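Asker: Below you will find the structure I want to go over with you.
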Amino acid sequence: MLYVKTPEEVLALIETEFSPLAQIETVPLSAAMGRVLAEDIAAREYVPDFDRSTVDGFAVYAGDTFGCSDAIPAILPLQATVLMGEGADFVLNRGACAAVPTGGAVPKGADGVVMMEYTEDYGDGTIGVSKPAAPGMNLIFRGDDVYPGKVILQKGRVLSGADIGALAAIGQVQVPVAKQLTVGVISTGDELVPPEVQPGPGQVRDVNSPMLEAMLSAFGCCVRNYGIVVDDEALLSETVQRAAAECDAVLLSGGSSVGVKDAACRIIESMGQLLLHGIAIKPGKPTILGKAGAKPLAGLPGHPVAAYFVTRLFVLPLLGRLTGRDMTAYTVTARLTESISANHGRAQYHCCRLTRQDGQLYAQPIRGKSGLITTLAGADGYFCIDRDCEGLPKNAEIQVTITSGV
């Protein structure tokens with residue numbers, strides 16, 4: 001491993017060696033959920049396009065209600081009743097009121113709405129108001145939500161359900177998004193069998209292919225699984241080359257170390273450029289990154305937990321770089337429930353479970369070796385111990401990256 005880099009150096013390398021792909025497609029609003037927005041979206045109209053009430057009540061000039069009370073109500077003639085779904089195409093007279101429903105249009109001239117609960121209909125065409133209205137009370141004014149030219153969603157955002165609602169509100173029914181990446185996944189090793197097969201002596205089920213496929217799919221990629229390839233360098237090279245021709249990126253799991261049968265490094269280097277072999281992290285040191293033309297080729301450790309962390313920490317940011325995706329992580333502050341040691345000269349990552357006690361968030365480290373997949377199951381997030389730190393004491397304050405969803 002002649003090219004070991006720190007995590008920070010790897011992320012910087014990704015930024016310099018890989019550029020966003022200029023591949024944009026337009027999809028209907030119904031298919032935009034979870035996609036990466038390719039352009040800033042600005043409103044072309046006012047939302048709402050009219051002043052509207054937030055309550056059932058009566059639109060008034062606020063000044064006509066000042067000083068009123070239960071004992072001395074303001075008595076206002078009912079000028080009109082506005083129906084839901086209809087415009088209020090009149091001007092409210094001073095000293096009068098208009099009945100409006102929740103979400104209904106408010107007539108011009110009105111600057112407040114009194115809730116129904118603070119009024120009384122006297123039955124003679126007048127309404128008694130027992131609580132004064134302040135200007136702007138219970139009103140949403142035209143353009144309060146958005147106005148023409150206002151950017152409501154920025155490029156790189158992964159569209160959520162709320163975002164889809166905002167796009168619907170401004171009539172954006174065709175959405176420009178980054179084209180989904182196709183990522184090839186290959187597992188290698190004589191000891192591997194598919195998950196549905198009962199392992200024989202010396203065999204283990206392939207964990208990484210299903211795990212990586214799930215992570216990549218949740219990230220918004222299309223995945224092509226090339227199955228398990230035995231430790232035959234010629235056959236593995238042929239499979240990687242085929243995957244590189246058919247996909248935007250290739251992940252090769254296993255064979256990334258320096259043993260005689262660990263051919264991933266030689267294959268990736270032969271296909272283009274080897275960028276690194278080894279990252280100063282635990283777990284995940286024997287990681288390879290290269291590229292064939294502009295396409296990334298990653299060699300992941302065979303141990304599932306190591307493969308998981310390398311994918312989370314570096315592969316997903318790399319794929320995010322290609323699609324222009326905002327990769328801001330969601331983190332929370334928590335305190336360790338127990339002390340934990342670290343003295344490997346490498347950044348050390350630990351999965352943890354989160355609990356809350358007396359208003360304080362606590363992180364319980366999940367102990368285990370890199371080959372034990374159960375150290376991932378049930379985790380809420382992970383934290384890092386810096387490479388120059390010998391460990392952290394109980395109750396130390398840490399930043400936990402939340403992993404739900406991917």
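Going by the structure tokens order, chains are called A, B, ..., each with residues numbered from 1, while ligands are numbered from 1 in the order shown.
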Would you mind listing what lies within 12 Å of Gln154 of chain A as an MDAnalysis selection string, with only C-alpha atoms counted and same-chain residues fewer than 5 positions away left out?

Answerer: chainID A and resid 36:43 159 163 176:177 324:326

Asker: Excluding segment 67-72 of chain A and its own-chain neighbours fewer than 3 positions away, which residues fall within 8 Å of it when counting only C-alpha atoms? Please give them as a list in words.

Answerer: Val129, Ser130, Lys131 and Pro132 of chain A

Asker: Could you write out that same residue set with C-alpha atoms as a compact mmCIF listing (two decimals), in the first residue's frame?

Answerer:
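again14.txt written:
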```txt
# COMPACT_ATOMS: atom_id res chain seq x y z
CA VAL A 129 -67.11 41.93 17.52
CA SER A 130 -65.91 41.42 21.12
CA LYS A 131 -62.13 41.22 20.53
CA PRO A 132 -60.09 43.78 18.60
```

Asker: Taking the DSSP assignment computed from this structure's backbone, write out as number ranges by chain all residues of segment 185-317 of chain A that belong to strand (DSSP E).

Answerer: A: 185-188, 192-193, 204-205, 222-229, 249-253, 273-277, 281-282, 288-292, 295-300

Asker: Let me make sure I understand: among A:Val82, A:Val315, A:Ala334, A:Leu11, which one has the smallest atom-to-atom distance to Gly359 of chain A if we use only C-alpha atoms?

Answerer: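 Among the listed residues, A:Ala334 lies closest to Gly359 of chain A.
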
Asker: Just want the 8 Å neighbourhood of Tyr382 of chain A, counted on only C-alpha atoms, with same-chain residues fewer than 5 positions away dropped. Output as a ChimeraX atom specification.

Answerer: /A:349-352,400-403

Asker: Would you give me, as JSON lines, each residue of segment 8-72 of chain A having an atom within 12 Å of an atom of segment 237-256 of chain A, along with its shortest atom pair and that distance in Å to one decimal, using only C-alpha atoms and sorting by chain and residue number?

Answerer:
```
{"residue": "A:Phe18", "atom": "CA", "partner": "A:Ala249", "partner_atom": "CA", "distance": 11.5}
{"residue": "A:Pro20", "atom": "CA", "partner": "A:Asp248", "partner_atom": "CA", "distance": 11.9}
{"residue": "A:Leu21", "atom": "CA", "partner": "A:Asp248", "partner_atom": "CA", "distance": 9.9}
{"residue": "A:Gln23", "atom": "CA", "partner": "A:Asp248", "partner_atom": "CA", "distance": 11.5}
```

Asker: Could you turn the residues from that selection into a file that holds all heavy atoms, as a CSV table (one decimal), in the first residue's frame?

Answerer:
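Written output follows (out_17.csv):
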```
chain,number,residue,atom,x,y,z
A,18,PHE,N,-12.7,14.1,-10.0
A,18,PHE,CA,-14.0,13.8,-10.5
A,18,PHE,C,-14.8,15.1,-10.6
A,18,PHE,O,-14.9,15.9,-9.7
A,18,PHE,CB,-14.7,12.7,-9.7
A,18,PHE,CG,-14.0,11.4,-9.7
A,18,PHE,CD1,-13.2,11.1,-8.6
A,18,PHE,CD2,-14.1,10.5,-10.7
A,18,PHE,CE1,-12.5,10.0,-8.5
A,18,PHE,CE2,-13.4,9.3,-10.7
A,18,PHE,CZ,-12.6,9.0,-9.6
A,20,PRO,N,-18.7,16.9,-11.8
A,20,PRO,CA,-20.2,16.6,-12.0
A,20,PRO,C,-20.5,16.3,-13.5
A,20,PRO,O,-19.9,16.9,-14.4
A,20,PRO,CB,-20.9,17.9,-11.5
A,20,PRO,CG,-19.9,18.5,-10.6
A,20,PRO,CD,-18.6,18.2,-11.2
A,21,LEU,N,-21.3,15.3,-13.7
A,21,LEU,CA,-21.7,14.9,-15.0
A,21,LEU,C,-22.7,15.9,-15.5
A,21,LEU,O,-23.7,16.2,-14.8
A,21,LEU,CB,-22.2,13.5,-15.1
A,21,LEU,CG,-21.2,12.4,-14.6
A,21,LEU,CD1,-21.9,11.0,-14.5
A,21,LEU,CD2,-20.0,12.3,-15.4
A,23,GLN,N,-25.3,15.6,-17.1
A,23,GLN,CA,-26.4,14.8,-17.6
A,23,GLN,C,-27.7,15.1,-16.8
A,23,GLN,O,-27.9,14.8,-15.6
A,23,GLN,CB,-26.1,13.3,-17.4
A,23,GLN,CG,-24.9,12.8,-18.2
A,23,GLN,CD,-24.6,11.3,-18.1
A,23,GLN,OE1,-24.5,10.9,-16.9
A,23,GLN,NE2,-24.5,10.6,-19.2
```

Asker: So that I can check the surroundings of Asp121 of chain A, please list as a compact mmCIF listing (two decimals) with C-alpha atoms, in the first residue's frame every protein, DNA and RNA residue that reaches within 12 Å of it, counting only C-alpha atoms and ignoring chain neighbours fewer than 2 positions away.

Answerer:
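Once everything was written out, this is around-v9.txt:
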```txt
# COMPACT_ATOMS: atom_id res chain seq x y z
CA GLY A 57 -64.44 34.68 10.70
CA PHE A 58 -65.02 38.22 9.48
CA PRO A 73 -68.68 45.13 21.20
CA ALA A 74 -67.99 46.81 17.86
CA ILE A 75 -71.17 46.49 15.82
CA LEU A 76 -70.44 46.20 12.10
CA PRO A 77 -72.91 45.70 9.26
CA LEU A 78 -72.30 42.53 7.24
CA CYS A 97 -67.28 43.45 7.73
CA ALA A 99 -67.76 36.81 6.30
CA MET A 116 -65.79 33.51 14.51
CA GLU A 117 -65.45 32.70 18.23
CA TYR A 118 -65.12 36.41 19.06
CA THR A 119 -68.19 37.51 17.13
CA GLY A 123 -79.69 38.42 13.08
CA ASP A 124 -80.45 41.92 11.81
CA GLY A 125 -77.60 42.18 9.33
CA THR A 126 -75.03 43.28 11.88
CA ILE A 127 -72.15 41.42 13.55
CA GLY A 128 -70.90 42.13 17.06
CA VAL A 129 -67.11 41.93 17.52
CA SER A 130 -65.91 41.42 21.12
```

Asker: Using only C-alpha atoms, which residues sit within 9 Å of Tyr308 of chain A once same-chain residues fewer than 4 positions away are excluded, as a list in words?

Answerer: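 Here the qualifying residues turn out to be Asn208, Met211, Leu212, Met215, Gly284, Leu300, His303, Pro304, Arg312, Leu313 and Leu376 of chain A.
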
Asker: Let me see the file: selected residues, N, CA, C and O atoms, as a PDB file, in the first residue's frame.

Answerer:
```pdb
ATOM      1  N   ASN A 208     -21.849  -8.334   1.157  1.00  0.00           N
ATOM      2  CA  ASN A 208     -21.599  -7.007   0.604  1.00  0.00           C
ATOM      3  C   ASN A 208     -22.474  -6.654  -0.589  1.00  0.00           C
ATOM      4  O   ASN A 208     -22.931  -5.514  -0.711  1.00  0.00           O
ATOM      5  N   MET A 211     -25.932  -5.613   0.572  1.00  0.00           N
ATOM      6  CA  MET A 211     -25.807  -4.389   1.369  1.00  0.00           C
ATOM      7  C   MET A 211     -25.507  -3.186   0.485  1.00  0.00           C
ATOM      8  O   MET A 211     -26.158  -2.131   0.600  1.00  0.00           O
ATOM      9  N   LEU A 212     -24.545  -3.338  -0.422  1.00  0.00           N
ATOM     10  CA  LEU A 212     -24.183  -2.227  -1.302  1.00  0.00           C
ATOM     11  C   LEU A 212     -25.332  -1.884  -2.249  1.00  0.00           C
ATOM     12  O   LEU A 212     -25.604  -0.708  -2.510  1.00  0.00           O
ATOM     13  N   MET A 215     -27.812   0.146  -0.274  1.00  0.00           N
ATOM     14  CA  MET A 215     -27.321   1.493  -0.001  1.00  0.00           C
ATOM     15  C   MET A 215     -27.362   2.367  -1.246  1.00  0.00           C
ATOM     16  O   MET A 215     -27.784   3.532  -1.202  1.00  0.00           O
ATOM     17  N   GLY A 284     -11.372  -0.308   7.218  1.00  0.00           N
ATOM     18  CA  GLY A 284     -11.427   0.096   5.817  1.00  0.00           C
ATOM     19  C   GLY A 284     -10.113   0.492   5.197  1.00  0.00           C
ATOM     20  O   GLY A 284     -10.097   1.059   4.104  1.00  0.00           O
ATOM     21  N   LEU A 300     -13.323  -2.189  -2.675  1.00  0.00           N
ATOM     22  CA  LEU A 300     -13.707  -2.125  -1.265  1.00  0.00           C
ATOM     23  C   LEU A 300     -13.179  -3.339  -0.511  1.00  0.00           C
ATOM     24  O   LEU A 300     -13.040  -4.424  -1.075  1.00  0.00           O
ATOM     25  N   HIS A 303     -14.490  -7.282   4.202  1.00  0.00           N
ATOM     26  CA  HIS A 303     -15.208  -7.305   5.468  1.00  0.00           C
ATOM     27  C   HIS A 303     -16.406  -6.363   5.393  1.00  0.00           C
ATOM     28  O   HIS A 303     -16.269  -5.193   5.010  1.00  0.00           O
ATOM     29  N   PRO A 304     -17.604  -6.808   5.742  1.00  0.00           N
ATOM     30  CA  PRO A 304     -18.821  -6.012   5.554  1.00  0.00           C
ATOM     31  C   PRO A 304     -18.802  -4.650   6.248  1.00  0.00           C
ATOM     32  O   PRO A 304     -19.219  -3.651   5.650  1.00  0.00           O
ATOM     33  N   ARG A 312     -20.074   4.617   2.860  1.00  0.00           N
ATOM     34  CA  ARG A 312     -20.677   5.800   3.482  1.00  0.00           C
ATOM     35  C   ARG A 312     -19.765   7.012   3.402  1.00  0.00           C
ATOM     36  O   ARG A 312     -20.197   8.120   3.063  1.00  0.00           O
ATOM     37  N   LEU A 313     -18.514   6.807   3.716  1.00  0.00           N
ATOM     38  CA  LEU A 313     -17.581   7.929   3.882  1.00  0.00           C
ATOM     39  C   LEU A 313     -17.035   8.464   2.571  1.00  0.00           C
ATOM     40  O   LEU A 313     -16.764   9.668   2.458  1.00  0.00           O
ATOM     41  N   LEU A 376     -23.384  -3.430  12.617  1.00  0.00           N
ATOM     42  CA  LEU A 376     -24.130  -2.422  11.865  1.00  0.00           C
ATOM     43  C   LEU A 376     -25.621  -2.478  12.150  1.00  0.00           C
ATOM     44  O   LEU A 376     -26.307  -1.456  12.178  1.00  0.00           O
TER      45      LEU A 376
END
```

Asker: Measuring atom to atom with only C-alpha atoms, identify which of A:Leu354, A:Tyr122, A:Ser341, A:Glu9 is nearest to Asp388 of chain A.

Answerer: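 Under the stated criterion, the closest residue is A:Ser341.
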
Asker: Quick one: of A:Ala162, A:Val207, A:Ile268, A:Ile281, who's nearest to Gly345 of chain A, counting only C-alpha atoms?

Answerer: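 The answer is A:Ile281, which sits nearest to Gly345 of chain A.
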
Asker: Write out as a ChimeraX atom specification the set of residues from segment 202-349 of chain A that DSSP, computed on the backbone, places in helix (DSSP H, G or I).

Answerer: /A:208-218,233-246,264-271,304-323

Asker: So which residues touch Ala166 of chain A within 10 Å, counting only C-alpha atoms, skipping near sequence neighbours fewer than 4 positions away, as a VMD selection string?

Answerer: chain A and resid 43 47 145 to 146 152 to 153 160 to 162 170 to 172

Asker: Using C-alpha atoms, can you write the selected residues to a file as a compact mmCIF listing (two decimals), in the first residue's frame?

Answerer:
```txt
# COMPACT_ATOMS: atom_id res chain seq x y z
CA ALA A 43 -41.31 30.92 -8.75
CA VAL A 47 -48.37 32.08 -4.03
CA ASP A 145 -45.28 32.28 0.47
CA VAL A 146 -43.45 32.99 -2.79
CA ILE A 152 -37.58 28.17 -3.57
CA LEU A 153 -35.38 25.11 -4.17
CA SER A 160 -38.61 15.47 -0.47
CA GLY A 161 -42.37 15.19 -0.21
CA ALA A 162 -42.55 18.77 1.06
CA ILE A 170 -45.99 27.04 -8.30
CA GLY A 171 -47.15 24.83 -11.16
CA GLN A 172 -43.73 23.23 -11.81
```

Asker: Would you work out the distance separating atom CA of Asp56 of chain A from atom CA of Asp89 of chain A, expressed in Å to one decimal?

Answerer: 18.8 Å

Asker: Hey, which of A:Glu86, A:Glu196, A:Glu17, A:Asp232 ends up closest to Ile267 of chain A? Count only C-alpha atoms.

Answerer: A:Asp232

Asker: For Thr287 of chain A, find every residue with an atom within 8 Å (counting only C-alpha atoms), except residues of its own chain fewer than 5 positions away, and show them as a PyMOL selection string.

Answerer: chain A and resi 256-257+276-279+298-301+310

Asker: For the residues selected in the previous step, produce a file with C-alpha atoms as a PDB file, in the first residue's frame.

Answerer:
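Okay, this is what ended up in again32.pdb:
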```
ATOM      1  CA  SER A 256      -8.408  -5.128  -2.261  1.00  0.00           C
ATOM      2  CA  SER A 257      -5.604  -6.120   0.100  1.00  0.00           C
ATOM      3  CA  LEU A 276      -4.870   5.484  -4.083  1.00  0.00           C
ATOM      4  CA  HIS A 277      -4.418   2.142  -2.386  1.00  0.00           C
ATOM      5  CA  GLY A 278      -5.065   2.467   1.306  1.00  0.00           C
ATOM      6  CA  ILE A 279      -6.841   4.971   3.549  1.00  0.00           C
ATOM      7  CA  ALA A 298     -13.495   1.487  -6.309  1.00  0.00           C
ATOM      8  CA  GLY A 299     -12.056  -1.567  -4.646  1.00  0.00           C
ATOM      9  CA  LEU A 300     -13.707  -2.125  -1.265  1.00  0.00           C
ATOM     10  CA  PRO A 301     -12.552  -4.333   1.603  1.00  0.00           C
ATOM     11  CA  VAL A 310     -15.915   3.078   2.997  1.00  0.00           C
TER      12      VAL A 310
END
```

Asker: For Arg346 of chain A, which residue out of A:Leu236, A:Cys384, A:Val113, A:Ile366 is the nearest one, using only C-alpha atoms?

Answerer: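 Comparing A:Leu236, A:Cys384, A:Val113, A:Ile366 against Arg346 of chain A, the winner is A:Cys384.
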
Asker: A:Val10, A:Leu361, A:Val305, A:Leu392: which is nearest Lys282 of chain A, counting only C-alpha atoms?

Answerer: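 That would be A:Val305, the residue with the smallest distance to Lys282 of chain A.
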
Asker: Could you jot down the atom CA of Pro286 of chain A to atom CA of Val4 of chain A separation for me, Å, one decimal place?

Answerer: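 If I compute the distance from atom CA of Pro286 of chain A to atom CA of Val4 of chain A, I get 8.9 Å.
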
Asker: Would you mind reading off the distance between atom CA of Leu274 of chain A and atom CA of Glu213 of chain A, one decimal, in Å?

Answerer: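 Answer for the atom CA of Leu274 of chain A to atom CA of Glu213 of chain A separation: 24.2 Å.
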